Amino acid sequence: MAPTLRLKVAGLGQSFEWDVEASTTVAALRARCATALGVGPEHVKLVVRGKTFTDAEVALADAGLADRTRVMLLHTPAYHADSAAIEALRDLRHGVDELLLGASASDAAAREERLTQILCKLDAVDGGPWVRAERRAAIRRIEDLSRPHSSSTR
């Protein structure tokens with residue numbers, strides 16, 4: 001069994017305690033943190049004992065992390081550049097979720113109209129690579145939701 005490290009990850013109003021393998025890379029830990037925060041890996045900076053980890057491919061053990069190490073999470077300048085777009089994506093996803101929870105078969109036309117409005121708002125969302133990928137995923141989700149309700153005339 002590979003050696004594991006128990007890491008305490010905190011910052012940005014969040015706190016996590018995770019068991020990870022010592023061979024886990026800094027990039028993998030950054031990705032896990034970003035997923036937990038709902039942002040892209042380029043939006044998260046990891047700091048341990050005042051040192052920012054910049055070498056993404058180094059293993060945590062090789063980077064000097066030991067069991068019970070406390071890792072601080074911070075936003076990067078990329079997050080600050082994309083923060084408005086990230087918040088807009090969250091709000092629009094929330095709008096889709098609320099629409100699906102409250103939708104009934106009788107108001108299909110209203111549902112389609114609201115989904116179309118959300119798609120139009122998604123067109124205005126722009127940012128870095130992660131934001132663009134998330135926007136594409138949100139658009140695909142809405143298109144998939146709309147497909148069963150569209151009728152083919154061919």
# chains A, B, ... in the order shown; residues from 1 in each chain; ligands from 1
>>> residues_around(residues="region 85-98 of chain A", least_positions_apart="3", cutoff="9 Å", atoms="only C-alpha atoms", output="VMD selection string")
chain A and resid 38 to 39 79 81 to 82 101 to 103 114 to 115 118 to 119 121 to 122 124 to 127 131 134 to 135 138 142
>>> write_last_selection(atoms="N, CA and C atoms", output="PDB file, in the first residue's frame")
ATOM      1  N   GLY A  38     -15.265  24.694  -7.054  1.00  0.00           N
ATOM      2  CA  GLY A  38     -16.067  25.028  -8.225  1.00  0.00           C
ATOM      3  C   GLY A  38     -15.392  26.009  -9.156  1.00  0.00           C
ATOM      4  N   VAL A  39     -14.076  25.951  -9.226  1.00  0.00           N
ATOM      5  CA  VAL A  39     -13.304  26.811 -10.127  1.00  0.00           C
ATOM      6  C   VAL A  39     -12.306  25.939 -10.881  1.00  0.00           C
ATOM      7  N   TYR A  79      -8.001  33.956 -11.372  1.00  0.00           N
ATOM      8  CA  TYR A  79      -9.330  33.938 -10.761  1.00  0.00           C
ATOM      9  C   TYR A  79      -9.915  35.346 -10.742  1.00  0.00           C
ATOM     10  N   ALA A  81      -9.328  37.768 -12.685  1.00  0.00           N
ATOM     11  CA  ALA A  81      -9.698  38.169 -14.038  1.00  0.00           C
ATOM     12  C   ALA A  81     -11.004  37.502 -14.474  1.00  0.00           C
ATOM     13  N   ASP A  82     -11.245  36.271 -14.011  1.00  0.00           N
ATOM     14  CA  ASP A  82     -12.417  35.498 -14.431  1.00  0.00           C
ATOM     15  C   ASP A  82     -13.553  35.489 -13.409  1.00  0.00           C
ATOM     16  N   LEU A 101     -36.165  21.652 -11.209  1.00  0.00           N
ATOM     17  CA  LEU A 101     -36.846  21.211  -9.987  1.00  0.00           C
ATOM     18  C   LEU A 101     -38.311  21.633  -9.975  1.00  0.00           C
ATOM     19  N   GLY A 102     -38.594  22.813 -10.520  1.00  0.00           N
ATOM     20  CA  GLY A 102     -39.954  23.333 -10.473  1.00  0.00           C
ATOM     21  C   GLY A 102     -40.754  23.082 -11.733  1.00  0.00           C
ATOM     22  N   ALA A 103     -40.153  22.457 -12.732  1.00  0.00           N
ATOM     23  CA  ALA A 103     -40.837  22.279 -14.014  1.00  0.00           C
ATOM     24  C   ALA A 103     -41.832  21.131 -13.962  1.00  0.00           C
ATOM     25  N   ARG A 114     -37.451  29.851 -20.953  1.00  0.00           N
ATOM     26  CA  ARG A 114     -36.460  30.176 -19.909  1.00  0.00           C
ATOM     27  C   ARG A 114     -35.089  29.590 -20.261  1.00  0.00           C
ATOM     28  N   LEU A 115     -35.062  28.371 -20.790  1.00  0.00           N
ATOM     29  CA  LEU A 115     -33.784  27.773 -21.208  1.00  0.00           C
ATOM     30  C   LEU A 115     -33.137  28.592 -22.328  1.00  0.00           C
ATOM     31  N   ILE A 118     -31.552  31.606 -20.788  1.00  0.00           N
ATOM     32  CA  ILE A 118     -30.293  31.252 -20.129  1.00  0.00           C
ATOM     33  C   ILE A 118     -29.192  31.043 -21.172  1.00  0.00           C
ATOM     34  N   LEU A 119     -29.521  30.415 -22.295  1.00  0.00           N
ATOM     35  CA  LEU A 119     -28.540  30.248 -23.373  1.00  0.00           C
ATOM     36  C   LEU A 119     -28.040  31.597 -23.877  1.00  0.00           C
ATOM     37  N   LYS A 121     -27.873  34.364 -22.180  1.00  0.00           N
ATOM     38  CA  LYS A 121     -26.997  34.922 -21.153  1.00  0.00           C
ATOM     39  C   LYS A 121     -25.646  34.219 -21.154  1.00  0.00           C
ATOM     40  N   LEU A 122     -25.637  32.923 -21.433  1.00  0.00           N
ATOM     41  CA  LEU A 122     -24.372  32.191 -21.505  1.00  0.00           C
ATOM     42  C   LEU A 122     -23.481  32.712 -22.629  1.00  0.00           C
ATOM     43  N   ALA A 124     -22.904  35.653 -23.338  1.00  0.00           N
ATOM     44  CA  ALA A 124     -22.183  36.827 -22.859  1.00  0.00           C
ATOM     45  C   ALA A 124     -21.056  36.476 -21.886  1.00  0.00           C
ATOM     46  N   VAL A 125     -20.988  35.217 -21.453  1.00  0.00           N
ATOM     47  CA  VAL A 125     -19.975  34.810 -20.480  1.00  0.00           C
ATOM     48  C   VAL A 125     -18.685  34.475 -21.216  1.00  0.00           C
ATOM     49  N   ASP A 126     -17.604  35.129 -20.822  1.00  0.00           N
ATOM     50  CA  ASP A 126     -16.311  34.840 -21.439  1.00  0.00           C
ATOM     51  C   ASP A 126     -15.231  34.949 -20.384  1.00  0.00           C
ATOM     52  N   GLY A 127     -14.170  34.231 -20.584  1.00  0.00           N
ATOM     53  CA  GLY A 127     -13.060  34.240 -19.645  1.00  0.00           C
ATOM     54  C   GLY A 127     -11.952  33.352 -20.154  1.00  0.00           C
ATOM     55  N   VAL A 131     -13.197  28.729 -17.953  1.00  0.00           N
ATOM     56  CA  VAL A 131     -14.516  29.367 -18.075  1.00  0.00           C
ATOM     57  C   VAL A 131     -15.155  28.992 -19.404  1.00  0.00           C
ATOM     58  N   GLU A 134     -16.319  25.379 -19.270  1.00  0.00           N
ATOM     59  CA  GLU A 134     -17.522  25.262 -18.436  1.00  0.00           C
ATOM     60  C   GLU A 134     -18.741  25.846 -19.139  1.00  0.00           C
ATOM     61  N   ARG A 135     -18.540  26.929 -19.869  1.00  0.00           N
ATOM     62  CA  ARG A 135     -19.651  27.518 -20.631  1.00  0.00           C
ATOM     63  C   ARG A 135     -20.123  26.533 -21.697  1.00  0.00           C
ATOM     64  N   ALA A 138     -22.158  23.865 -20.064  1.00  0.00           N
ATOM     65  CA  ALA A 138     -23.485  24.356 -19.683  1.00  0.00           C
ATOM     66  C   ALA A 138     -24.393  24.452 -20.907  1.00  0.00           C
ATOM     67  N   ILE A 142     -27.943  22.353 -21.544  1.00  0.00           N
ATOM     68  CA  ILE A 142     -29.224  22.970 -21.880  1.00  0.00           C
ATOM     69  C   ILE A 142     -29.740  22.428 -23.209  1.00  0.00           C
TER      70      ILE A 142
END
>>> residues_around(residues="Ala78 (chain A)", least_positions_apart="3", cutoff="10 Å", atoms="only C-alpha atoms", output="list of chain:residue names")
A:Gly40, A:Pro41, A:Glu42, A:His43, A:Val44, A:His75, A:Ala81, A:Asp82, A:Ser83, A:Gly127, A:Gly128
>>> residues_around(residues="Glu17 (chain A)", least_positions_apart="4", cutoff="10 Å", atoms="only C-alpha atoms", output="count of residues only")
8
>>> residues_around(residues="Lys45 (chain A)", least_positions_apart="3", cutoff="8 Å", atoms="only C-alpha atoms", output="PDB file with N, CA, C and O atoms, in the first residue's frame")
ATOM      1  N   ARG A  30      -4.031  20.391  -6.669  1.00  0.00           N
ATOM      2  CA  ARG A  30      -4.616  21.663  -7.100  1.00  0.00           C
ATOM      3  C   ARG A  30      -5.944  21.412  -7.811  1.00  0.00           C
ATOM      4  O   ARG A  30      -6.930  22.126  -7.573  1.00  0.00           O
ATOM      5  N   GLU A  42      -6.403  26.612 -12.675  1.00  0.00           N
ATOM      6  CA  GLU A  42      -5.599  27.829 -12.838  1.00  0.00           C
ATOM      7  C   GLU A  42      -6.043  28.957 -11.916  1.00  0.00           C
ATOM      8  O   GLU A  42      -5.373  29.974 -11.797  1.00  0.00           O
ATOM      9  N   THR A  52       4.821  29.027  -2.248  1.00  0.00           N
ATOM     10  CA  THR A  52       3.839  28.699  -3.269  1.00  0.00           C
ATOM     11  C   THR A  52       4.383  27.576  -4.133  1.00  0.00           C
ATOM     12  O   THR A  52       5.528  27.625  -4.567  1.00  0.00           O
ATOM     13  N   PHE A  53       3.546  26.559  -4.382  1.00  0.00           N
ATOM     14  CA  PHE A  53       3.978  25.445  -5.226  1.00  0.00           C
ATOM     15  C   PHE A  53       3.781  25.810  -6.686  1.00  0.00           C
ATOM     16  O   PHE A  53       2.666  26.048  -7.123  1.00  0.00           O
ATOM     17  N   LEU A  73      -5.126  27.650   0.717  1.00  0.00           N
ATOM     18  CA  LEU A  73      -5.675  27.920  -0.608  1.00  0.00           C
ATOM     19  C   LEU A  73      -5.796  29.419  -0.813  1.00  0.00           C
ATOM     20  O   LEU A  73      -6.303  30.134   0.055  1.00  0.00           O
ATOM     21  N   LEU A  74      -5.360  29.876  -1.959  1.00  0.00           N
ATOM     22  CA  LEU A  74      -5.516  31.274  -2.340  1.00  0.00           C
ATOM     23  C   LEU A  74      -5.969  31.351  -3.786  1.00  0.00           C
ATOM     24  O   LEU A  74      -5.741  30.414  -4.560  1.00  0.00           O
ATOM     25  N   HIS A  75      -6.592  32.447  -4.153  1.00  0.00           N
ATOM     26  CA  HIS A  75      -6.936  32.670  -5.554  1.00  0.00           C
ATOM     27  C   HIS A  75      -5.724  33.223  -6.287  1.00  0.00           C
ATOM     28  O   HIS A  75      -4.900  33.929  -5.710  1.00  0.00           O
ATOM     29  N   THR A  76      -5.658  32.928  -7.564  1.00  0.00           N
ATOM     30  CA  THR A  76      -4.599  33.450  -8.421  1.00  0.00           C
ATOM     31  C   THR A  76      -5.105  34.700  -9.140  1.00  0.00           C
ATOM     32  O   THR A  76      -6.311  34.981  -9.145  1.00  0.00           O
TER      33      THR A  76
END
>>> closest_residue(among="A:Ala133, A:Val20, A:Glu113, A:Leu65", to="Leu46 (chain A)", atoms="only C-alpha atoms")
A:Leu65
>>> select_by_dssp(residues="chain A", states="strand (DSSP E or B)", output="number ranges by chain")
A: 4-11, 14-21, 25, 44-48, 51-52, 59, 70-75
>>> write_last_selection(atoms="N, CA and C atoms", output="PDB file, in the first residue's frame")
ATOM      1  N   THR A   4       0.321   7.270   2.654  1.00  0.00           N
ATOM      2  CA  THR A   4      -0.658   8.347   2.509  1.00  0.00           C
ATOM      3  C   THR A   4      -0.324   9.496   3.448  1.00  0.00           C
ATOM      4  N   LEU A   5      -0.779  10.647   3.045  1.00  0.00           N
ATOM      5  CA  LEU A   5      -0.621  11.861   3.838  1.00  0.00           C
ATOM      6  C   LEU A   5      -2.011  12.385   4.159  1.00  0.00           C
ATOM      7  N   ARG A   6      -2.199  12.817   5.383  1.00  0.00           N
ATOM      8  CA  ARG A   6      -3.445  13.497   5.752  1.00  0.00           C
ATOM      9  C   ARG A   6      -3.143  14.981   5.687  1.00  0.00           C
ATOM     10  N   LEU A   7      -3.812  15.670   4.755  1.00  0.00           N
ATOM     11  CA  LEU A   7      -3.574  17.097   4.554  1.00  0.00           C
ATOM     12  C   LEU A   7      -4.777  17.888   5.035  1.00  0.00           C
ATOM     13  N   LYS A   8      -4.491  18.983   5.692  1.00  0.00           N
ATOM     14  CA  LYS A   8      -5.533  19.937   6.079  1.00  0.00           C
ATOM     15  C   LYS A   8      -5.432  21.099   5.104  1.00  0.00           C
ATOM     16  N   VAL A   9      -6.457  21.249   4.295  1.00  0.00           N
ATOM     17  CA  VAL A   9      -6.477  22.276   3.260  1.00  0.00           C
ATOM     18  C   VAL A   9      -7.515  23.307   3.662  1.00  0.00           C
ATOM     19  N   ALA A  10      -7.101  24.566   3.756  1.00  0.00           N
ATOM     20  CA  ALA A  10      -8.025  25.609   4.200  1.00  0.00           C
ATOM     21  C   ALA A  10      -7.730  26.918   3.487  1.00  0.00           C
ATOM     22  N   GLY A  11      -8.766  27.700   3.363  1.00  0.00           N
ATOM     23  CA  GLY A  11      -8.644  29.023   2.771  1.00  0.00           C
ATOM     24  C   GLY A  11      -9.860  29.322   1.920  1.00  0.00           C
ATOM     25  N   GLN A  14     -13.201  27.951   2.994  1.00  0.00           N
ATOM     26  CA  GLN A  14     -13.417  26.506   2.957  1.00  0.00           C
ATOM     27  C   GLN A  14     -12.364  25.810   3.797  1.00  0.00           C
ATOM     28  N   SER A  15     -12.691  24.598   4.230  1.00  0.00           N
ATOM     29  CA  SER A  15     -11.739  23.777   4.974  1.00  0.00           C
ATOM     30  C   SER A  15     -11.997  22.315   4.641  1.00  0.00           C
ATOM     31  N   PHE A  16     -10.937  21.614   4.281  1.00  0.00           N
ATOM     32  CA  PHE A  16     -11.032  20.209   3.913  1.00  0.00           C
ATOM     33  C   PHE A  16      -9.934  19.438   4.633  1.00  0.00           C
ATOM     34  N   GLU A  17     -10.181  18.188   4.882  1.00  0.00           N
ATOM     35  CA  GLU A  17      -9.148  17.304   5.405  1.00  0.00           C
ATOM     36  C   GLU A  17      -9.194  16.051   4.538  1.00  0.00           C
ATOM     37  N   TRP A  18      -8.115  15.821   3.806  1.00  0.00           N
ATOM     38  CA  TRP A  18      -8.078  14.737   2.833  1.00  0.00           C
ATOM     39  C   TRP A  18      -6.903  13.813   3.080  1.00  0.00           C
ATOM     40  N   ASP A  19      -7.112  12.538   2.795  1.00  0.00           N
ATOM     41  CA  ASP A  19      -6.031  11.557   2.758  1.00  0.00           C
ATOM     42  C   ASP A  19      -5.642  11.394   1.296  1.00  0.00           C
ATOM     43  N   VAL A  20      -4.371  11.633   1.003  1.00  0.00           N
ATOM     44  CA  VAL A  20      -3.872  11.493  -0.368  1.00  0.00           C
ATOM     45  C   VAL A  20      -2.601  10.662  -0.346  1.00  0.00           C
ATOM     46  N   GLU A  21      -2.318  10.039  -1.461  1.00  0.00           N
ATOM     47  CA  GLU A  21      -1.081   9.288  -1.558  1.00  0.00           C
ATOM     48  C   GLU A  21       0.090  10.259  -1.632  1.00  0.00           C
ATOM     49  N   THR A  25       0.611  14.267  -7.288  1.00  0.00           N
ATOM     50  CA  THR A  25       1.318  15.465  -7.743  1.00  0.00           C
ATOM     51  C   THR A  25       0.650  16.732  -7.218  1.00  0.00           C
ATOM     52  N   VAL A  44      -6.509  28.472  -8.598  1.00  0.00           N
ATOM     53  CA  VAL A  44      -6.148  28.109  -7.232  1.00  0.00           C
ATOM     54  C   VAL A  44      -4.634  28.077  -7.069  1.00  0.00           C
ATOM     55  N   LYS A  45      -4.185  28.670  -5.991  1.00  0.00           N
ATOM     56  CA  LYS A  45      -2.770  28.642  -5.629  1.00  0.00           C
ATOM     57  C   LYS A  45      -2.653  27.916  -4.297  1.00  0.00           C
ATOM     58  N   LEU A  46      -1.672  27.006  -4.197  1.00  0.00           N
ATOM     59  CA  LEU A  46      -1.426  26.258  -2.969  1.00  0.00           C
ATOM     60  C   LEU A  46      -0.177  26.796  -2.294  1.00  0.00           C
ATOM     61  N   VAL A  47      -0.286  27.069  -0.998  1.00  0.00           N
ATOM     62  CA  VAL A  47       0.834  27.618  -0.237  1.00  0.00           C
ATOM     63  C   VAL A  47       1.038  26.768   1.014  1.00  0.00           C
ATOM     64  N   VAL A  48       2.297  26.388   1.251  1.00  0.00           N
ATOM     65  CA  VAL A  48       2.661  25.638   2.457  1.00  0.00           C
ATOM     66  C   VAL A  48       3.861  26.330   3.084  1.00  0.00           C
ATOM     67  N   LYS A  51       5.479  29.058   1.163  1.00  0.00           N
ATOM     68  CA  LYS A  51       6.018  28.749  -0.161  1.00  0.00           C
ATOM     69  C   LYS A  51       4.880  28.363  -1.097  1.00  0.00           C
ATOM     70  N   THR A  52       4.821  29.027  -2.248  1.00  0.00           N
ATOM     71  CA  THR A  52       3.839  28.699  -3.269  1.00  0.00           C
ATOM     72  C   THR A  52       4.383  27.576  -4.133  1.00  0.00           C
ATOM     73  N   ALA A  59       5.821  15.292  -6.914  1.00  0.00           N
ATOM     74  CA  ALA A  59       4.988  14.573  -5.947  1.00  0.00           C
ATOM     75  C   ALA A  59       4.952  15.351  -4.639  1.00  0.00           C
ATOM     76  N   ARG A  70      -0.509  21.460   6.746  1.00  0.00           N
ATOM     77  CA  ARG A  70      -1.605  22.393   6.485  1.00  0.00           C
ATOM     78  C   ARG A  70      -1.290  23.139   5.185  1.00  0.00           C
ATOM     79  N   VAL A  71      -2.222  23.067   4.252  1.00  0.00           N
ATOM     80  CA  VAL A  71      -2.075  23.708   2.946  1.00  0.00           C
ATOM     81  C   VAL A  71      -3.061  24.862   2.868  1.00  0.00           C
ATOM     82  N   MET A  72      -2.574  26.026   2.486  1.00  0.00           N
ATOM     83  CA  MET A  72      -3.436  27.195   2.375  1.00  0.00           C
ATOM     84  C   MET A  72      -3.852  27.377   0.913  1.00  0.00           C
ATOM     85  N   LEU A  73      -5.126  27.650   0.717  1.00  0.00           N
ATOM     86  CA  LEU A  73      -5.675  27.920  -0.608  1.00  0.00           C
ATOM     87  C   LEU A  73      -5.796  29.419  -0.813  1.00  0.00           C
ATOM     88  N   LEU A  74      -5.360  29.876  -1.959  1.00  0.00           N
ATOM     89  CA  LEU A  74      -5.516  31.274  -2.340  1.00  0.00           C
ATOM     90  C   LEU A  74      -5.969  31.351  -3.786  1.00  0.00           C
ATOM     91  N   HIS A  75      -6.592  32.447  -4.153  1.00  0.00           N
ATOM     92  CA  HIS A  75      -6.936  32.670  -5.554  1.00  0.00           C
ATOM     93  C   HIS A  75      -5.724  33.223  -6.287  1.00  0.00           C
TER      94      HIS A  75
END
>>> select_by_dssp(residues="region 11-49 of chain A", states="alpha helix (DSSP H)", output="list of chain:residue names")
A:Val26, A:Ala27, A:Ala28, A:Leu29, A:Arg30, A:Ala31, A:Arg32, A:Cys33, A:Ala34, A:Thr35, A:Ala36, A:Leu37
>>> write_last_selection(atoms="N, CA, C and O atoms", output="mmCIF file, in the first residue's frame")
data_model
loop_
_atom_site.group_PDB
_atom_site.id
_atom_site.type_symbol
_atom_site.label_atom_id
_atom_site.label_comp_id
_atom_site.auth_asym_id
_atom_site.auth_seq_id
_atom_site.Cartn_x
_atom_site.Cartn_y
_atom_site.Cartn_z
ATOM 1 N N VAL A 26 1.405 17.800 -7.238
ATOM 2 C CA VAL A 26 0.864 19.107 -6.857
ATOM 3 C C VAL A 26 -0.297 19.465 -7.785
ATOM 4 O O VAL A 26 -1.327 19.979 -7.334
ATOM 5 N N ALA A 27 -0.163 19.149 -9.073
ATOM 6 C CA ALA A 27 -1.234 19.441 -10.034
ATOM 7 C C ALA A 27 -2.516 18.695 -9.668
ATOM 8 O O ALA A 27 -3.614 19.260 -9.766
ATOM 9 N N ALA A 28 -2.393 17.439 -9.250
ATOM 10 C CA ALA A 28 -3.579 16.662 -8.874
ATOM 11 C C ALA A 28 -4.240 17.243 -7.626
ATOM 12 O O ALA A 28 -5.468 17.305 -7.544
ATOM 13 N N LEU A 29 -3.437 17.663 -6.661
ATOM 14 C CA LEU A 29 -4.001 18.286 -5.461
ATOM 15 C C LEU A 29 -4.668 19.610 -5.811
ATOM 16 O O LEU A 29 -5.765 19.909 -5.333
ATOM 17 N N ARG A 30 -4.031 20.391 -6.669
ATOM 18 C CA ARG A 30 -4.616 21.663 -7.100
ATOM 19 C C ARG A 30 -5.944 21.412 -7.811
ATOM 20 O O ARG A 30 -6.930 22.126 -7.573
ATOM 21 N N ALA A 31 -6.003 20.396 -8.663
ATOM 22 C CA ALA A 31 -7.246 20.068 -9.371
ATOM 23 C C ALA A 31 -8.336 19.642 -8.395
ATOM 24 O O ALA A 31 -9.502 20.028 -8.542
ATOM 25 N N ARG A 32 -7.972 18.863 -7.389
ATOM 26 C CA ARG A 32 -8.958 18.427 -6.396
ATOM 27 C C ARG A 32 -9.504 19.626 -5.619
ATOM 28 O O ARG A 32 -10.710 19.717 -5.363
ATOM 29 N N CYS A 33 -8.630 20.528 -5.247
ATOM 30 C CA CYS A 33 -9.054 21.745 -4.535
ATOM 31 C C CYS A 33 -9.961 22.595 -5.421
ATOM 32 O O CYS A 33 -10.989 23.098 -4.970
ATOM 33 N N ALA A 34 -9.573 22.747 -6.681
ATOM 34 C CA ALA A 34 -10.354 23.563 -7.609
ATOM 35 C C ALA A 34 -11.755 22.978 -7.796
ATOM 36 O O ALA A 34 -12.745 23.703 -7.788
ATOM 37 N N THR A 35 -11.831 21.660 -7.922
ATOM 38 C CA THR A 35 -13.135 21.003 -8.066
ATOM 39 C C THR A 35 -13.996 21.247 -6.835
ATOM 40 O O THR A 35 -15.186 21.553 -6.948
ATOM 41 N N ALA A 36 -13.392 21.141 -5.670
ATOM 42 C CA ALA A 36 -14.143 21.360 -4.425
ATOM 43 C C ALA A 36 -14.649 22.800 -4.327
ATOM 44 O O ALA A 36 -15.704 23.054 -3.749
ATOM 45 N N LEU A 37 -13.906 23.732 -4.904
ATOM 46 C CA LEU A 37 -14.293 25.147 -4.858
ATOM 47 C C LEU A 37 -15.183 25.551 -6.033
ATOM 48 O O LEU A 37 -15.742 26.650 -6.033
#
>>> atom_distance(atom1="CA of Ala22 (chain A)", atom2="CA of Asp55 (chain A)")
15.6 Å
>>> atom_distance(atom1="CA of Thr69 (chain A)", atom2="CA of Arg49 (chain A)")
9.2 Å
>>> atom_distance(atom1="CA of Arg147 (chain A)", atom2="CA of Pro129 (chain A)")
26.9 Å
